[in-house]
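Below is one structure; the comments refer to it alone.
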Amino acid sequence: MNATIVVYGSSTGTCEAIAEKIAQKLGCEAINVQDLTADVVKNNQNLILGTSTWGAGELQDDWYDGLKVLQGADLTGKTIALFGCGDCESYSDTFVGGIGELYNGIKSSGAHFVGAVDTDGYTFDDSEAVVDGKFIGLPLDDVNEDDKTDTRIDAWIAEISPNL
């Protein structure tokens, strides 16, 4: 596996805990997006990026600066997988929209995106994170569907691992 890092933005700790779980399963480091630098991007071929969703489907606050770091870096040929936390009950019309915001900010970067997830089995009304009928990353609702989190993470890691 090429150099891989998990980068997360978390306000309540949920996305951080999930990022650490993913990093442990992949055998790599997880860092807060506040610690993301051009050198971190340069030194890692694979970027696993996670964000919680706030307000009307918005990125976690720390990601706005992190997105600028990514946009200023050369992502050509890098592999990127996205994951995010959301609330499918209270915010079913913007479920995991933060993933969509992150994707939209770097989709034309030359990076190769992996880890799209079928929408089957998810309850939501709308999401900016759905592209061509699939979530563009791993959506998790660790509040309302915490009983599905570990299974969803394991299935997603099995799918993305061959690409890392």
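Following the order of the structure tokens, first chain is A, next is B, and so on, with residues numbered from 1 inside each chain and ligands from 1 in the order they appear.
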
TODO: Quick one: everything within 12 Å of Gly72 in chain A, counting only C-alpha atoms, minus sequence neighbours fewer than 6 positions away in the same chain. Send it as a list in words.
DONE: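 Using only C-alpha atoms, the neighbours found are Leu36, Thr37, Ala38, Asp39, Val41, Lys42, Asp65, Gly66, Gly105, Ile106 and Ser109 of chain A.
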
Would you export the selected residues with C-alpha atoms as a CSV table (one decimal), in the first residue's frame, please?
chain,number,residue,atom,x,y,z
A,36,LEU,CA,-3.2,19.4,6.9
A,37,THR,CA,-0.3,21.1,5.0
A,38,ALA,CA,1.0,21.0,1.5
A,39,ASP,CA,3.8,18.7,2.7
A,41,VAL,CA,-0.5,16.1,0.8
A,42,LYS,CA,2.7,15.8,-1.2
A,65,ASP,CA,-9.1,26.1,5.3
A,66,GLY,CA,-8.3,22.4,4.6
A,105,GLY,CA,-14.2,21.6,-4.2
A,106,ILE,CA,-11.6,19.1,-5.6
A,109,SER,CA,-8.1,18.3,-9.4

Open item on the list: Which of range 1-163 of chain A end up as alpha helix (DSSP H) when DSSP is run on this backbone - answer as a ChimeraX atom specification?
Closed with: /A:14-26,38-42,63-72,97-106,146-160

- [ ] Identify, with DSSP run on backbone atoms, the residues in range 4-149 of chain A assigned to strand (DSSP E or B), and express the list as JSON, numbers by chain.
- [x] {"A": [4, 5, 6, 7, 8, 9, 29, 30, 31, 32, 46, 47, 48, 49, 50, 51, 52, 53, 54, 58, 59, 79, 80, 81, 82, 83, 84, 85, 112, 113, 114, 117, 118, 130, 131, 134, 135, 138, 139, 140]}

Open item on the list: Using only C-alpha atoms, can you tell me which of A:Ile18, A:Trp54, A:Ala23, A:Asp126 comes closest to Arg152 in chain A?
Closed with: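 Looking only at the distances to Arg152 in chain A, the closest residue turns out to be A:Ile18.
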
TODO: Would you mind telling me which residue in A:Asp62, A:Ser10, A:Ile5, A:Leu75 lies nearest to Lys25 in chain A when using only C-alpha atoms?
DONE: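 Among the listed residues, the smallest separation from Lys25 in chain A belongs to A:Ile5.
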
Task: Pairwise distance for CA of Ser161 in chain A and CA of Ala19 in chain A, rounded to one decimal in Å - done: 15.3 Å

TODO: Tell me which protein, DNA and RNA residues are within 12 Å of Ser108 in chain A, counting only C-alpha atoms, leaving out same-chain ones fewer than 3 positions away, and put them as a VMD selection string.
DONE: chain A and resid 70 to 71 74 to 77 102 to 105 111 to 113

Task: Selected residue of minimal separation from Ala73 in chain A among A:Leu49, A:Cys15, A:Val40, A:Val96, counting only C-alpha atoms - done: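 For Ala73 in chain A, the nearest of the given residues is A:Val40.
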
- [ ] Pick out the closest residue to Ala116 in chain A from this set: A:Glu29, A:Asp147, A:Asp154, A:Asp132. Count only C-alpha atoms.
- [x]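 The answer is A:Asp132, which sits nearest to Ala116 in chain A.
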